[in-house]
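Asker: What follows is structure-v4.cif; its format and atoms are mmCIF, C-alpha atoms.
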```cif
data_target
loop_
_atom_site.group_PDB
_atom_site.id
_atom_site.type_symbol
_atom_site.label_atom_id
_atom_site.label_comp_id
_atom_site.auth_asym_id
_atom_site.auth_seq_id
_atom_site.Cartn_x
_atom_site.Cartn_y
_atom_site.Cartn_z
ATOM 1 C CA MET N 1 -117.195 149.115 181.335
ATOM 2 C CA VAL N 2 -120.855 149.859 180.628
ATOM 3 C CA ARG N 3 -120.398 153.442 181.766
ATOM 4 C CA GLY N 4 -117.338 153.785 179.517
ATOM 5 C CA SER N 5 -119.240 152.383 176.537
ATOM 6 C CA ARG N 6 -122.111 154.765 177.130
ATOM 7 C CA VAL N 7 -119.709 157.719 177.244
ATOM 8 C CA LEU N 8 -118.084 156.635 173.962
ATOM 9 C CA LEU N 9 -121.455 156.318 172.261
ATOM 10 C CA LEU N 10 -122.470 159.777 173.474
ATOM 11 C CA LYS N 11 -119.170 161.272 172.241
ATOM 12 C CA ASP N 12 -119.818 159.682 168.860
ATOM 13 C CA GLY N 13 -123.240 161.292 168.737
ATOM 14 C CA GLY N 14 -125.106 158.030 169.269
ATOM 15 C CA GLY N 15 -125.711 157.871 165.526
ATOM 16 C CA GLY N 16 -124.551 154.306 165.214
ATOM 17 C CA GLY N 17 -121.398 155.169 163.278
ATOM 18 C CA GLY N 18 -119.363 153.987 166.230
ATOM 19 C CA ASN N 19 -116.068 155.564 165.142
ATOM 20 C CA ALA N 20 -115.018 156.330 168.721
ATOM 21 C CA LEU N 21 -116.084 152.867 169.833
ATOM 22 C CA PHE N 22 -114.167 151.195 166.995
ATOM 23 C CA LYS N 23 -111.074 153.195 167.949
ATOM 24 C CA VAL N 24 -111.217 151.788 171.466
ATOM 25 C CA LEU N 25 -112.045 148.276 170.259
ATOM 26 C CA SER N 26 -109.138 148.323 167.817
ATOM 27 C CA ASP N 27 -106.824 148.801 170.800
ATOM 28 C CA ILE N 28 -108.313 145.729 172.509
ATOM 29 C CA LEU N 29 -109.376 143.219 169.836
ATOM 30 C CA VAL N 30 -106.937 140.992 167.975
ATOM 31 C CA CYS N 31 -107.334 138.437 165.210
ATOM 32 C CA PRO N 32 -108.399 135.068 166.655
ATOM 33 C CA LEU N 33 -106.091 133.295 164.181
ATOM 34 C CA SER N 34 -102.873 135.343 164.217
ATOM 35 C CA LYS N 35 -103.291 137.272 167.489
ATOM 36 C CA GLN N 36 -102.260 140.406 165.562
ATOM 37 C CA PRO N 37 -104.126 143.752 165.604
ATOM 38 C CA LEU N 38 -107.231 144.240 163.471
ATOM 39 C CA ARG N 39 -108.087 147.329 161.435
ATOM 40 C CA HIS N 40 -111.583 148.628 160.817
ATOM 41 C CA CYS N 41 -112.717 148.777 157.188
ATOM 42 C CA PRO N 42 -115.809 151.025 156.985
ATOM 43 C CA ASP N 43 -116.403 150.157 153.299
ATOM 44 C CA SER N 44 -116.991 146.473 153.986
ATOM 45 C CA ARG N 45 -118.155 146.976 157.587
ATOM 46 C CA SER N 46 -115.608 144.502 158.842
ATOM 47 C CA LEU N 47 -112.460 144.080 160.887
ATOM 48 C CA VAL N 48 -109.494 143.057 158.768
ATOM 49 C CA SER N 49 -106.462 141.053 159.792
ATOM 50 C CA ASP N 50 -103.711 142.078 157.408
ATOM 51 C CA ALA N 51 -101.416 139.442 158.926
ATOM 52 C CA VAL N 52 -103.455 136.530 157.530
ATOM 53 C CA GLY N 53 -105.618 138.315 154.945
ATOM 54 C CA VAL N 54 -108.958 137.602 156.595
ATOM 55 C CA SER N 55 -111.962 139.891 157.028
ATOM 56 C CA PHE N 56 -114.348 139.427 159.957
ATOM 57 C CA PRO N 57 -117.864 140.888 159.556
ATOM 58 C CA ILE N 58 -119.480 143.378 161.905
ATOM 59 C CA ILE N 59 -123.161 142.485 162.224
ATOM 60 C CA ASN N 60 -125.492 144.897 164.027
ATOM 61 C CA GLY N 61 -122.453 146.611 165.521
ATOM 62 C CA ILE N 62 -121.013 143.373 166.917
ATOM 63 C CA PRO N 63 -117.708 142.043 165.547
ATOM 64 C CA CYS N 64 -117.991 138.336 164.656
ATOM 65 C CA LEU N 65 -114.529 137.022 165.442
ATOM 66 C CA VAL N 66 -115.342 133.331 165.126
ATOM 67 C CA PRO N 67 -112.728 131.927 162.712
ATOM 68 C CA LYS N 68 -115.364 130.213 160.526
ATOM 69 C CA ASP N 69 -117.076 133.615 159.977
ATOM 70 C CA GLY N 70 -113.902 135.105 158.516
ATOM 71 C CA LYS N 71 -113.552 135.526 154.760
ATOM 72 C CA LEU N 72 -110.318 135.472 152.825
ATOM 73 C CA LEU N 73 -109.601 138.855 151.283
ATOM 74 C CA GLU N 74 -108.718 137.196 147.971
ATOM 75 C CA ASP N 75 -112.260 135.780 147.786
ATOM 76 C CA GLU N 76 -113.787 139.209 148.402
ATOM 77 C CA ILE N 77 -111.624 140.831 145.721
ATOM 78 C CA LYS N 78 -112.563 138.080 143.254
ATOM 79 C CA LEU N 79 -116.280 138.578 143.991
ATOM 80 C CA LYS N 80 -115.980 142.331 143.391
ATOM 81 C CA VAL N 81 -114.201 141.743 140.074
ATOM 82 C CA ASP N 82 -116.812 139.162 138.998
ATOM 83 C CA ASP N 83 -119.662 141.503 139.946
ATOM 84 C CA SER N 84 -118.146 144.391 137.995
ATOM 85 C CA SER N 85 -117.646 142.155 134.944
ATOM 86 C CA ILE N 86 -121.280 141.095 135.032
ATOM 87 C CA ALA N 87 -122.418 144.698 135.411
ATOM 88 C CA LYS N 88 -120.399 145.672 132.334
ATOM 89 C CA GLY N 89 -121.882 142.786 130.355
ATOM 90 C CA GLU N 90 -118.593 140.914 130.056
ATOM 91 C CA GLY N 91 -119.915 137.773 131.839
#
```
Starting from the file, lay out its structure as structure tokens.
Answerer:
Amino acid sequence: MVRGSRVLLLKDGGGGGGNALFKVLSDILVCPLSKQPLRHCPDSRSLVSDAVGVSFPIINGIPCLVPKDGKLLEDEIKLKVDDSSIAKGEG
């Protein structure tokens, strides 16, 4: 497994983007709550479970799939809306 990971990192250029690695991980990892596949969201640097609407953070390249670390997608959308309202001076 270590050899395979090293090869994937070299294919990806070793730049830390990890696109090739995330492709492989997406075939293996599932949501700890729903057991359904996860998708990678590069904007929020997280793995998203569309089945239950939860986003799991990726910290230092390591997916945190502990259920208590997950955030509801509704909460994240609300935070983005609140932040944009404050930036516009509406808050």
Asker: For the atom pair CA of Pro37 in chain N and CA of Pro63 in chain N, what is the interatomic distance in Å to one decimal place?
Answerer: 13.7 Å
Asker: Return the single residue from N:Leu47, N:Ile59, N:Val66, N:Leu73 that is closest to Leu33 in chain N, with distances computed using only C-alpha atoms.
Answerer: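 Nearest to Leu33 in chain N: N:Val66.
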Asker: Output the residue selection produced by the PyMOL selection byres ((chain N and resi 38) around 7) on the file above, formatted as an NGL selection string.
Answerer: :N and (26 or 29-31 or 36-37 or 39-40 or 47-49)
Asker: Would you output that residue set with C-alpha atoms, as a tab-separated table (two decimals), keeping the file's coordinate frame?
Answerer:
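Once written, part09.tsv looks like this:
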```tsv
chain	number	residue	atom	x	y	z
N	26	SER	CA	-109.14	148.32	167.82
N	29	LEU	CA	-109.38	143.22	169.84
N	30	VAL	CA	-106.94	140.99	167.98
N	31	CYS	CA	-107.33	138.44	165.21
N	36	GLN	CA	-102.26	140.41	165.56
N	37	PRO	CA	-104.13	143.75	165.60
N	39	ARG	CA	-108.09	147.33	161.44
N	40	HIS	CA	-111.58	148.63	160.82
N	47	LEU	CA	-112.46	144.08	160.89
N	48	VAL	CA	-109.49	143.06	158.77
N	49	SER	CA	-106.46	141.05	159.79
```
Asker: Ile58 in chain N: which residues within 7 Å, counting all atoms listed in the file, same-chain residues fewer than 3 positions away excluded, as an mmCIF file with C-alpha atoms, in the coordinates of the input?
Answerer:
```cif
data_model
loop_
_atom_site.group_PDB
_atom_site.id
_atom_site.type_symbol
_atom_site.label_atom_id
_atom_site.label_comp_id
_atom_site.auth_asym_id
_atom_site.auth_seq_id
_atom_site.Cartn_x
_atom_site.Cartn_y
_atom_site.Cartn_z
ATOM 1 C CA ARG N 45 -118.155 146.976 157.587
ATOM 2 C CA SER N 46 -115.608 144.502 158.842
ATOM 3 C CA GLY N 61 -122.453 146.611 165.521
ATOM 4 C CA ILE N 62 -121.013 143.373 166.917
ATOM 5 C CA PRO N 63 -117.708 142.043 165.547
ATOM 6 C CA CYS N 64 -117.991 138.336 164.656
#
```
Asker: What is the distance between CA of Leu25 in chain N and CA of Asp50 in chain N, in Å to one decimal?
Answerer: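 CA of Asp50 in chain N lies 16.5 Å from CA of Leu25 in chain N.
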Asker: Expressed in Å to a single decimal, how great is the separation between CA of Val24 in chain N and CA of Leu72 in chain N?
Answerer: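 Spanning CA of Val24 in chain N to CA of Leu72 in chain N is a straight-line distance of 24.8 Å.
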Asker: Please reconstruct the missing atoms of range 50-61 of chain N (target: all heavy atoms) and return them as a short mmCIF file (atom, residue, chain, number, x, y, z; two decimals), in the coordinates of the input.
Answerer:
```
data_model
loop_
_atom_site.label_atom_id
_atom_site.label_comp_id
_atom_site.auth_asym_id
_atom_site.auth_seq_id
_atom_site.Cartn_x
_atom_site.Cartn_y
_atom_site.Cartn_z
N ASP N 50 -104.65 142.02 158.52
CA ASP N 50 -103.71 142.08 157.41
C ASP N 50 -102.66 140.97 157.51
O ASP N 50 -102.09 140.56 156.51
CB ASP N 50 -103.02 143.44 157.36
CG ASP N 50 -104.00 144.55 156.99
OD1 ASP N 50 -104.85 144.32 156.11
OD2 ASP N 50 -103.91 145.64 157.58
N ALA N 51 -102.43 140.47 158.72
CA ALA N 51 -101.42 139.44 158.93
C ALA N 51 -101.77 138.14 158.20
O ALA N 51 -100.89 137.48 157.65
CB ALA N 51 -101.24 139.17 160.42
N VAL N 52 -103.05 137.78 158.18
CA VAL N 52 -103.46 136.53 157.53
C VAL N 52 -104.39 136.75 156.35
O VAL N 52 -104.80 135.81 155.69
CB VAL N 52 -104.10 135.54 158.54
CG1 VAL N 52 -103.08 135.04 159.52
CG2 VAL N 52 -105.27 136.16 159.24
N GLY N 53 -104.76 138.01 156.09
CA GLY N 53 -105.62 138.32 154.94
C GLY N 53 -107.04 137.84 155.10
O GLY N 53 -107.64 137.30 154.18
N VAL N 54 -107.59 138.04 156.31
CA VAL N 54 -108.96 137.60 156.60
C VAL N 54 -109.78 138.80 157.07
O VAL N 54 -109.29 139.65 157.81
CB VAL N 54 -108.97 136.48 157.67
CG1 VAL N 54 -110.38 136.09 158.06
CG2 VAL N 54 -108.21 135.27 157.17
N SER N 55 -111.03 138.84 156.65
CA SER N 55 -111.96 139.89 157.03
C SER N 55 -113.07 139.29 157.89
O SER N 55 -113.68 138.29 157.50
CB SER N 55 -112.56 140.51 155.76
OG SER N 55 -113.58 141.40 156.08
N PHE N 56 -113.31 139.89 159.05
CA PHE N 56 -114.35 139.43 159.96
C PHE N 56 -115.50 140.43 159.93
O PHE N 56 -115.29 141.62 160.14
CB PHE N 56 -113.81 139.29 161.39
CG PHE N 56 -112.73 138.25 161.51
CD1 PHE N 56 -111.40 138.61 161.46
CD2 PHE N 56 -113.06 136.92 161.65
CE1 PHE N 56 -110.40 137.66 161.55
CE2 PHE N 56 -112.07 135.96 161.75
CZ PHE N 56 -110.73 136.33 161.70
N PRO N 57 -116.73 139.96 159.69
CA PRO N 57 -117.86 140.89 159.56
C PRO N 57 -118.25 141.53 160.87
O PRO N 57 -118.02 140.99 161.95
CB PRO N 57 -118.98 139.99 159.04
CG PRO N 57 -118.65 138.63 159.58
CD PRO N 57 -117.15 138.57 159.57
N ILE N 58 -118.86 142.71 160.76
CA ILE N 58 -119.48 143.38 161.90
C ILE N 58 -120.98 143.37 161.62
O ILE N 58 -121.43 143.99 160.67
CB ILE N 58 -118.96 144.81 162.07
CG1 ILE N 58 -117.46 144.79 162.31
CG2 ILE N 58 -119.69 145.52 163.22
CD1 ILE N 58 -116.82 146.16 162.29
N ILE N 59 -121.72 142.64 162.43
CA ILE N 59 -123.16 142.49 162.22
C ILE N 59 -123.90 143.16 163.37
O ILE N 59 -123.69 142.81 164.53
CB ILE N 59 -123.55 141.00 162.13
CG1 ILE N 59 -122.78 140.34 160.97
CG2 ILE N 59 -125.05 140.84 161.95
CD1 ILE N 59 -122.92 138.86 160.88
N ASN N 60 -124.75 144.12 163.03
CA ASN N 60 -125.49 144.90 164.03
C ASN N 60 -124.56 145.50 165.07
O ASN N 60 -124.88 145.53 166.25
CB ASN N 60 -126.56 144.04 164.70
CG ASN N 60 -127.64 143.60 163.75
OD1 ASN N 60 -127.98 144.32 162.82
ND2 ASN N 60 -128.16 142.41 163.96
N GLY N 61 -123.40 145.96 164.62
CA GLY N 61 -122.45 146.61 165.52
C GLY N 61 -121.61 145.67 166.35
O GLY N 61 -120.82 146.10 167.17
#
```
